[in-house]
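Participant: Enclosed is the structure file protein10.txt (compact mmCIF, C-alpha atoms and all ligand atoms).
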```
# COMPACT_ATOMS: atom_id res chain seq x y z
CA MET L 1 12.44 -27.48 -6.11
CA TYR L 2 12.05 -23.97 -7.54
CA ARG L 3 14.53 -22.34 -5.18
CA PRO L 4 17.77 -22.69 -7.17
CA LEU L 5 16.10 -21.16 -10.23
CA GLY L 6 13.72 -18.71 -8.56
CA ILE L 7 14.25 -15.00 -9.13
CA THR L 8 14.66 -13.29 -5.78
CA VAL L 9 13.18 -9.87 -5.18
CA SER L 10 16.67 -8.36 -4.72
CA ARG L 11 17.73 -9.76 -8.10
CA HIS L 12 14.53 -8.34 -9.64
CA ILE L 13 15.24 -4.92 -8.11
CA MET L 14 18.81 -5.00 -9.47
CA ASP L 15 17.45 -5.89 -12.92
CA LEU L 16 15.08 -2.91 -12.74
CA GLN L 17 17.96 -0.67 -11.73
CA ARG L 18 20.09 -1.85 -14.66
CA MET L 19 17.33 -0.72 -17.02
CA HIS L 20 18.14 2.82 -15.85
CA PRO L 21 21.84 3.56 -16.31
CA GLU L 22 21.33 6.96 -14.66
CA ALA L 23 20.04 5.33 -11.42
CA THR L 24 22.13 5.85 -8.29
CA GLY L 25 20.80 2.73 -6.56
CA ASP L 26 19.00 4.72 -3.88
CA LEU L 27 15.53 3.47 -4.81
CA SER L 28 16.84 -0.10 -4.89
CA GLY L 29 18.40 0.41 -1.46
CA LEU L 30 15.19 1.90 -0.13
CA LEU L 31 13.05 -1.00 -1.40
CA ASN L 32 15.48 -3.54 0.03
CA GLU L 33 15.34 -1.89 3.47
CA LEU L 34 11.54 -1.88 3.36
CA ILE L 35 11.56 -5.57 2.49
CA VAL L 36 13.62 -6.33 5.59
CA ALA L 37 11.03 -4.45 7.68
CA ALA L 38 8.26 -6.44 5.96
CA LYS L 39 9.95 -9.75 6.76
CA THR L 40 10.26 -8.69 10.39
CA ILE L 41 6.54 -7.84 10.53
CA SER L 42 5.63 -11.07 8.75
CA ALA L 43 7.48 -13.10 11.37
CA GLU L 44 5.66 -11.26 14.15
CA VAL L 45 2.26 -11.61 12.47
CA ASN L 46 2.81 -15.36 12.21
CA MET L 47 3.40 -15.41 15.97
CA ALA L 48 0.28 -13.32 16.69
CA GLY L 49 -1.85 -16.02 18.31
CA LEU L 50 1.04 -17.17 20.44
CA ALA L 51 2.14 -13.66 21.35
CA ASP L 52 -1.38 -12.98 22.53
CA VAL L 53 -1.26 -15.98 24.86
CA LEU L 54 2.15 -14.90 26.13
CA GLY L 55 0.95 -11.33 26.43
CA MET L 56 -1.96 -12.29 28.62
CA SER L 57 0.22 -14.40 30.87
CA GLY L 58 2.91 -11.85 31.63
CA LYS L 59 3.20 -9.27 28.85
CA THR L 60 6.62 -10.53 27.78
CA ASN L 61 7.53 -12.75 24.84
CA ILE L 62 10.01 -15.64 24.81
CA GLN L 63 12.93 -13.24 24.30
CA GLY L 64 11.89 -11.44 27.46
CA GLU L 65 10.72 -8.40 25.47
CA GLU L 66 7.50 -6.58 26.09
CA VAL L 67 4.68 -7.82 23.84
CA GLN L 68 3.44 -4.96 21.70
CA LYS L 69 0.21 -4.68 19.83
CA LEU L 70 0.86 -5.77 16.25
CA ASP L 71 0.01 -2.44 14.65
CA GLU L 72 2.30 -0.63 17.07
CA PHE L 73 5.03 -3.19 16.43
CA SER L 74 4.68 -2.78 12.64
CA ASN L 75 4.75 1.00 12.86
CA ASN L 76 7.85 1.00 15.04
CA THR L 77 9.60 -1.57 12.86
CA ILE L 78 9.16 0.45 9.68
CA LYS L 79 9.79 3.83 11.21
CA ARG L 80 12.95 2.88 13.08
CA ARG L 81 14.46 0.94 10.20
CA MET L 82 13.61 3.54 7.55
CA ALA L 83 14.60 6.60 9.63
CA ARG L 84 18.24 5.62 9.31
CA CYS L 85 18.29 3.96 5.89
CA GLY L 86 19.72 7.07 4.27
CA TYR L 87 17.30 7.20 1.33
CA LEU L 88 14.39 9.13 2.86
CA CYS L 89 13.91 12.69 4.01
CA VAL L 90 10.53 12.35 5.75
CA MET L 91 7.78 9.80 6.40
CA THR L 92 4.13 9.66 7.35
CA SER L 93 2.26 6.74 8.87
CA GLU L 94 -1.37 5.96 9.51
CA GLU L 95 -0.40 5.52 13.15
CA GLU L 96 1.16 8.97 13.64
CA GLU L 97 -0.49 12.34 13.53
CA ASP L 98 2.58 14.33 12.51
CA ILE L 99 5.33 13.71 10.00
CA ILE L 100 8.07 11.30 11.03
CA PRO L 101 11.51 12.87 10.60
CA VAL L 102 14.51 10.75 9.60
CA ASP L 103 17.74 10.62 11.57
CA GLU L 104 20.00 13.63 11.26
CA GLY L 105 22.69 13.00 8.69
CA ASP L 106 20.65 10.29 7.01
CA GLU L 107 18.46 12.56 4.87
CA GLY L 108 17.91 11.20 1.37
CA LYS L 109 15.96 12.05 -1.73
CA TYR L 110 12.71 10.10 -1.27
CA THR L 111 9.58 10.26 0.93
CA LEU L 112 7.64 7.32 2.35
CA ALA L 113 3.95 7.15 3.29
CA PHE L 114 2.80 3.90 4.86
CA ASP L 115 -0.03 2.09 6.54
CA PRO L 116 1.91 -0.27 8.78
CA LEU L 117 -0.89 -2.77 9.34
CA ASP L 118 -4.01 -2.27 7.29
CA GLY L 119 -7.16 -4.13 8.32
CA SER L 120 -6.47 -3.81 12.03
CA SER L 121 -9.95 -5.02 13.01
CA ASN L 122 -8.94 -8.39 11.52
CA ILE L 123 -5.70 -8.82 13.47
CA ASP L 124 -7.19 -10.75 16.34
CA VAL L 125 -9.24 -13.11 14.18
CA ASN L 126 -6.53 -14.54 11.94
CA VAL L 127 -7.72 -12.84 8.76
CA ASN L 128 -5.37 -11.36 6.15
CA ILE L 129 -3.85 -8.00 6.95
CA GLY L 130 -1.15 -6.02 5.18
CA THR L 131 1.32 -3.16 4.94
CA ILE L 132 0.85 -0.55 2.20
CA PHE L 133 3.58 1.85 1.04
CA SER L 134 3.99 4.78 -1.31
CA ILE L 135 7.26 6.40 -2.39
CA HIS L 136 7.73 9.84 -3.96
CA ARG L 137 10.83 11.79 -4.88
CA ARG L 138 11.17 14.74 -2.49
CA LYS L 139 10.24 18.15 -3.81
CA SER L 140 12.74 20.13 -1.74
CA ASP L 141 16.48 20.19 -2.26
CA SER L 142 18.23 17.38 -0.38
CA GLY L 143 21.34 19.48 0.11
CA LYS L 144 23.45 16.45 -0.72
CA PRO L 145 25.88 15.76 -3.53
CA PRO L 146 24.18 13.92 -6.41
CA TRP L 147 26.51 10.94 -6.13
CA GLY L 148 25.12 9.68 -2.88
CA ARG L 149 24.42 9.90 0.77
CA ARG L 150 27.90 9.41 2.18
CA LYS L 151 31.18 11.16 1.47
CA THR L 152 34.68 10.11 2.29
CA ASP L 153 36.54 12.37 4.64
CA PRO L 154 40.31 11.86 4.27
CA GLU L 155 40.71 12.27 8.04
CA GLU L 156 37.66 10.41 9.34
CA GLY L 157 36.75 7.94 6.59
CA TRP L 158 33.08 7.44 5.70
CA LYS L 159 30.64 9.86 7.23
CA PRO L 160 27.17 11.05 6.36
CA ALA L 161 26.98 13.90 3.87
CA GLU L 162 25.09 16.78 5.44
CA GLY L 163 21.55 16.95 4.17
CA LYS L 164 18.36 18.91 4.66
CA PRO L 165 15.34 17.38 6.40
CA GLY L 166 12.11 16.97 4.47
CA SER L 167 8.73 18.45 5.41
CA ALA L 168 5.03 17.64 5.06
CA ASP L 169 5.13 19.53 1.79
CA ASP L 170 7.44 16.86 0.36
CA LEU L 171 4.81 14.24 1.17
CA LEU L 172 1.81 16.13 -0.18
CA GLN L 173 2.03 15.13 -3.82
CA LYS L 174 -0.19 13.61 -6.47
CA GLY L 175 -0.51 9.83 -6.70
CA LYS L 176 0.56 9.87 -10.32
CA ASP L 177 3.97 11.21 -9.26
CA GLN L 178 4.80 8.14 -7.15
CA VAL L 179 8.04 6.42 -8.10
CA ALA L 180 7.03 3.17 -6.45
CA ALA L 181 4.11 1.72 -4.55
CA GLY L 182 3.29 -1.66 -3.12
CA TYR L 183 1.94 -3.78 -0.34
CA ILE L 184 2.81 -6.84 1.67
CA ILE L 185 -0.07 -9.15 2.47
CA TYR L 186 0.23 -11.46 5.45
CA GLY L 187 -2.06 -14.33 4.54
CA SER L 188 -1.86 -18.04 3.88
CA SER L 189 1.59 -17.02 2.67
CA THR L 190 3.27 -13.63 2.81
CA MET L 191 3.31 -11.83 -0.53
CA LEU L 192 4.92 -8.62 -1.70
CA VAL L 193 3.32 -6.87 -4.69
CA PHE L 194 4.88 -3.69 -6.04
CA THR L 195 5.50 -1.54 -9.06
CA THR L 196 8.09 1.04 -9.97
CA GLY L 197 6.03 1.90 -13.04
CA GLU L 198 7.36 -1.00 -15.10
CA GLY L 199 4.75 -3.67 -14.55
CA VAL L 200 3.28 -5.00 -11.33
CA HIS L 201 5.09 -7.99 -9.90
CA GLY L 202 4.27 -10.33 -7.04
CA PHE L 203 6.73 -12.20 -4.83
CA THR L 204 6.00 -14.92 -2.31
CA LEU L 205 8.03 -15.30 0.86
CA ASP L 206 9.67 -18.66 1.40
CA PRO L 207 9.92 -18.52 5.20
CA SER L 208 12.39 -21.40 5.31
CA VAL L 209 15.06 -19.27 3.61
CA GLY L 210 13.63 -15.83 4.41
CA GLU L 211 13.57 -14.81 0.76
CA PHE L 212 10.86 -13.41 -1.52
CA TYR L 213 10.71 -15.21 -4.89
CA LEU L 214 9.01 -13.92 -8.03
CA SER L 215 5.75 -15.88 -8.16
CA HIS L 216 3.41 -13.53 -10.07
CA PRO L 217 5.34 -11.73 -12.85
CA ASP L 218 3.61 -8.91 -14.70
CA ILE L 219 0.20 -9.07 -13.02
CA ARG L 220 -2.72 -7.86 -15.17
CA ILE L 221 -6.13 -7.36 -13.62
CA PRO L 222 -8.96 -8.90 -15.71
CA GLY L 223 -10.82 -6.15 -17.61
CA LYS L 224 -14.26 -7.25 -16.44
CA SER L 225 -15.16 -9.26 -13.39
CA LYS L 226 -18.01 -10.90 -11.56
CA TYR L 227 -17.13 -9.83 -8.01
CA TYR L 228 -17.93 -6.71 -6.00
CA SER L 229 -16.49 -5.81 -2.60
CA VAL L 230 -18.29 -3.26 -0.48
CA ASN L 231 -19.53 -2.90 3.09
CA GLU L 232 -23.21 -3.25 2.29
CA GLY L 233 -24.07 -2.46 5.89
CA ASN L 234 -23.60 1.16 4.80
CA TYR L 235 -26.38 0.92 2.17
CA SER L 236 -28.71 3.34 3.92
CA TYR L 237 -25.93 5.96 4.17
CA TRP L 238 -25.18 5.96 0.41
CA ASP L 239 -26.68 8.29 -2.17
CA ASP L 240 -29.28 7.02 -4.66
CA ASN L 241 -26.81 6.50 -7.52
CA MET L 242 -24.59 4.28 -5.39
CA ARG L 243 -27.58 2.24 -4.20
CA ARG L 244 -28.82 1.84 -7.76
CA TYR L 245 -25.40 0.58 -8.87
CA ILE L 246 -25.24 -2.09 -6.16
CA ASP L 247 -28.86 -3.11 -6.85
CA TYR L 248 -27.94 -3.42 -10.54
CA LEU L 249 -25.00 -5.75 -9.76
CA LYS L 250 -27.41 -8.04 -7.93
CA GLU L 251 -29.98 -8.27 -10.72
CA GLU L 252 -30.03 -11.34 -12.92
CA ASP L 253 -28.89 -10.79 -16.50
CA LYS L 254 -26.93 -13.61 -18.12
CA GLU L 255 -25.65 -11.52 -21.02
CA SER L 256 -23.81 -9.03 -18.78
CA GLY L 257 -22.73 -11.70 -16.30
CA ARG L 258 -25.02 -10.58 -13.47
CA PRO L 259 -25.68 -11.10 -10.64
CA TYR L 260 -22.15 -10.48 -9.38
CA SER L 261 -20.89 -12.35 -6.33
CA SER L 262 -20.11 -10.41 -3.19
CA ARG L 263 -16.69 -10.73 -1.54
CA TYR L 264 -15.86 -8.43 1.39
CA ILE L 265 -13.11 -9.23 3.86
CA GLY L 266 -12.87 -5.80 5.48
CA SER L 267 -9.10 -5.56 5.04
CA LEU L 268 -8.50 -3.22 2.13
CA VAL L 269 -5.23 -4.90 1.19
CA ALA L 270 -6.83 -8.35 1.16
CA ASP L 271 -9.92 -7.25 -0.77
CA PHE L 272 -7.71 -5.39 -3.24
CA HIS L 273 -5.29 -8.28 -3.68
CA ARG L 274 -8.05 -10.77 -4.42
CA ASN L 275 -9.62 -8.45 -6.97
CA LEU L 276 -6.24 -7.74 -8.58
CA ILE L 277 -5.70 -11.42 -9.21
CA THR L 278 -9.24 -12.60 -10.02
CA GLY L 279 -10.82 -9.34 -11.21
CA GLY L 280 -13.32 -7.37 -9.16
CA ILE L 281 -14.48 -3.95 -8.06
CA PHE L 282 -13.91 -2.61 -4.54
CA LEU L 283 -15.95 0.37 -3.36
CA TYR L 284 -15.65 2.53 -0.28
CA PRO L 285 -17.74 5.47 -1.49
CA LYS L 286 -18.61 8.72 0.19
CA ASP L 287 -21.53 8.36 2.59
CA ASN L 288 -23.42 10.37 5.17
CA LYS L 289 -22.63 8.05 8.05
CA SER L 290 -20.43 10.42 9.95
CA PRO L 291 -20.14 14.19 9.45
CA ALA L 292 -16.42 13.81 10.20
CA LYS L 293 -15.93 11.44 7.25
CA PRO L 294 -18.22 12.73 4.49
CA THR L 295 -15.62 11.71 1.91
CA GLY L 296 -15.47 8.04 2.82
CA LYS L 297 -13.14 6.30 5.17
CA LEU L 298 -9.95 5.48 3.36
CA ARG L 299 -6.82 7.61 3.37
CA LEU L 300 -5.36 9.07 0.22
CA LEU L 301 -1.62 9.01 0.82
CA TYR L 302 -1.06 5.50 2.13
CA GLU L 303 -4.17 3.57 1.06
CA ALA L 304 -5.92 4.91 -2.03
CA ALA L 305 -3.00 6.42 -3.98
CA PRO L 306 -0.56 3.48 -3.76
CA LEU L 307 -3.25 0.93 -4.65
CA ALA L 308 -4.42 3.19 -7.49
CA PHE L 309 -0.84 3.34 -8.82
CA ILE L 310 -0.63 -0.45 -8.71
CA VAL L 311 -4.02 -1.07 -10.31
CA GLU L 312 -3.39 1.38 -13.14
CA HIS L 313 -0.06 -0.27 -13.92
CA ALA L 314 -1.89 -3.60 -13.97
CA GLY L 315 -4.50 -2.34 -16.47
CA GLY L 316 -7.26 -1.32 -14.02
CA ARG L 317 -8.63 2.01 -12.78
CA ALA L 318 -9.22 3.90 -9.54
CA ILE L 319 -11.68 6.78 -9.13
CA THR L 320 -13.50 8.67 -6.40
CA GLY L 321 -16.94 8.41 -8.00
CA ASP L 322 -17.37 12.19 -7.99
CA GLY L 323 -15.54 12.82 -11.23
CA ARG L 324 -11.92 12.45 -10.19
CA ASP L 325 -9.20 9.88 -10.84
CA ILE L 326 -7.45 9.00 -7.58
CA LEU L 327 -4.00 9.55 -9.10
CA ASP L 328 -4.84 13.14 -10.07
CA ILE L 329 -5.75 14.30 -6.58
CA GLN L 330 -3.35 16.79 -5.05
CA SER L 331 -3.18 15.82 -1.39
CA GLU L 332 -3.65 18.65 1.05
CA GLU L 333 -3.32 16.89 4.38
CA LEU L 334 -1.33 13.89 5.58
CA HIS L 335 -4.40 11.94 6.66
CA GLN L 336 -6.86 13.13 4.03
CA ARG L 337 -9.73 10.74 3.28
CA VAL L 338 -11.13 9.99 -0.17
CA PRO L 339 -13.89 7.84 -1.59
CA LEU L 340 -12.26 4.88 -3.36
CA ILE L 341 -13.64 2.83 -6.23
CA ILE L 342 -10.94 0.59 -7.62
CA GLY L 343 -10.51 -2.52 -9.72
CA SER L 344 -11.27 -3.98 -13.15
CA LYS L 345 -11.42 -1.27 -15.79
CA LEU L 346 -14.78 -2.02 -17.41
CA ASP L 347 -16.44 -2.36 -14.02
CA ILE L 348 -15.04 0.98 -12.90
CA ASP L 349 -16.22 2.62 -16.13
CA GLU L 350 -19.69 1.27 -15.49
CA ALA L 351 -19.71 2.32 -11.82
CA GLU L 352 -18.52 5.79 -12.88
CA ALA L 353 -21.49 6.12 -15.25
CA PHE L 354 -23.91 5.04 -12.50
CA LEU L 355 -22.44 7.37 -9.93
CA ALA L 356 -22.65 10.27 -12.35
CA GLY L 357 -26.35 9.48 -12.86
CA LYS L 358 -25.75 8.52 -16.51
CA MET L 359 -27.02 4.95 -16.22
P1 LIG J 401 -9.75 -1.29 9.50
O1 LIG J 401 -10.79 -0.29 9.90
O2 LIG J 401 -10.01 -2.67 10.02
O3 LIG J 401 -8.33 -0.84 9.76
O4 LIG J 401 -8.54 1.48 6.41
C1 LIG J 401 -9.01 0.73 7.35
C2 LIG J 401 -9.91 -0.44 6.96
O5 LIG J 401 -9.84 -1.45 7.91
C3 LIG J 401 -9.62 -1.10 5.59
O6 LIG J 401 -8.56 -2.00 5.62
C4 LIG J 401 -10.93 -1.74 5.25
O7 LIG J 401 -11.13 -1.94 3.88
C5 LIG J 401 -11.93 -0.79 5.84
O8 LIG J 401 -11.25 -0.02 6.84
C6 LIG J 401 -13.09 -1.51 6.48
O9 LIG J 401 -14.03 -0.59 6.88
P2 LIG J 401 -15.51 -1.00 7.36
O10 LIG J 401 -15.36 -1.74 8.64
O11 LIG J 401 -16.22 0.30 7.51
O12 LIG J 401 -16.10 -1.84 6.26
```
Here is the file; what I need is its structure written in the form of structure tokens.

Facilitator:
Amino acid sequence: MYRPLGITVSRHIMDLQRMHPEATGDLSGLLNELIVAAKTISAEVNMAGLADVLGMSGKTNIQGEEVQKLDEFSNNTIKRRMARCGYLCVMTSEEEEDIIPVDEGDEGKYTLAFDPLDGSSNIDVNVNIGTIFSIHRRKSDSGKPPWGRRKTDPEEGWKPAEGKPGSADDLLQKGKDQVAAGYIIYGSSTMLVFTTGEGVHGFTLDPSVGEFYLSHPDIRIPGKSKYYSVNEGNYSYWDDNMRRYIDYLKEEDKESGRPYSSRYIGSLVADFHRNLITGGIFLYPKDNKSPAKPTGKLRLLYEAAPLAFIVEHAGGRAITGDGRDILDIQSEELHQRVPLIIGSKLDIDEAEAFLAGKM
């Protein structure tokens, strides 16, 4: 019933572009290409159980193609599609150690960092998983004319304008300098949530027409919540302040709405999405579990920073718990890890005070 009136994501992106007369349309083009990749992944995720059966029986799917692991499929889908979209100069993915170059001649003015399939331990058990993305403007000169990626050659017609490839340095930027960030969650339905800095908007995929429709305009995270999401199995690896905070959330105190309820899925994107909609605080703090990961588990460029950008534009906050706002961190490595404490603003303020030993 809603279809004829529903606002499609492409219409929404065009509306955003019209608000900026100076825009070239590159960011719109980039988002639209990413959305096609997301729809491709969504279709494959929905086939996961079946693909597994087919994979075990002969390692080929019904089209006669080799069955790939879903995270590998998602990585390849995004990287191959985006390498030739003409709007990027370089990419980085959770699945790849080094930077991912774009196709020669297709260099553009943006960078893309992505986690192709977050929550991979949940893939095989039919629990929500997702794709997270972060877009920055490149720092280096693109070497292209400002009016676009292609020029017309009188002899040969359209051909790519020559451009300069990007480097890791283009990707290593602060979260607050993102131009767009978002995620796609593959759950009971597939949803896209993103922001270009003008509100956070959610779109739900109607698989029968293959279109995302605006279903959650201008999402605002509740200021205070009654949910906390943390892997409490790590309790003995936390410092005293962190333990005291979690103990505090579990104490009974009607006036402050305690005890809080615990909700932990173990897919960052799913835990984050639930908290964004209902209110909540997600914590993956630093711990002493592994000397290799003293700063927590989650990655700055394609997990913490994009979700921090979204939550702040929805009225929430994201911090490390050691005195830093996630969006202020200058990334130094592609796969840098950070502690992440993210969610409803008043809960984050309170957690910050606990972690600083002030409460
Ligand atoms: P996963 O290991 O399943 O890929 O970043 C990875 C991540 O999942 C997040 O999605 C999730 O929030 C977190 O790790 C879960 O870690 P724990 O198993 O240590 O709780």

Participant: At a cut-off of 8 Å, can you tabulate as CSV every residue of range 201-290 of chain L near range 314-325 of chain L together with its closest atom pair and the distance in Å to one decimal, using all atoms listed in the file and ordering rows by chain then number?

Facilitator:
```
residue,atom,partner,partner_atom,distance
L:Asp218,CA,L:Ala314,CA,7.7
L:Ile219,CA,L:Ala314,CA,5.9
L:Arg220,CA,L:Ala314,CA,4.5
L:Ile221,CA,L:Ala314,CA,5.7
L:Pro222,CA,L:Gly316,CA,8.0
L:Gly223,CA,L:Gly316,CA,7.0
L:Pro285,CA,L:Gly321,CA,7.2
```

Participant: Tell me, as a list of chain:residue names, which residues lie within 8 Å of Ile135 in chain L, counting all atoms listed in the file; anything in the same chain fewer than 4 positions away does not count.

Facilitator: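 Residues near the query, excluding close chain neighbours: L:Tyr110, L:Thr111, L:Leu112, L:Ala113, L:Gln178, L:Val179, L:Ala180, L:Ala181.
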
Participant: Hey, which residues sit close to ligand LIG 401 (chain J)? Say within 7 Å, counting all atoms listed in the file, and write them as a ChimeraX atom specification.

Facilitator: /L:118-122,231,266-269,297-298

Participant: Just give me the gap between CA of Ile99 in chain L and CA of Phe114 in chain L in Å, one decimal is fine.

Facilitator: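 A separation of 11.4 Å between them.
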
Participant: Near range 194-197 of chain L, counting all atoms listed in the file, which residues have an atom at most 10 Å away, once you skip same-chain residues fewer than 5 positions from it, shown as a list in words?

Facilitator: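 These residues fall inside the cut-off: Ile13, Leu16, Leu27, Leu31, Ile132, Phe133, Ser134, Ile135, Gln178, Val179, Ala180, Ala181, Gly182, Tyr183, Ile184, Gly202, Phe203, Asp218, Ile219, Pro306, Leu307, Phe309, Ile310, Val311, Glu312, His313 and Ala314 of chain L.
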
Participant: At a cut-off of 12 Å around the point (8.7, 0.2, 8.8) (file coordinates), what residues fall inside when counting all atoms listed in the file? I'd like the answer as a PyMOL selection string.

Facilitator: chain L and resi 30-42+71-85+91-95+100+112-117+131-133+184
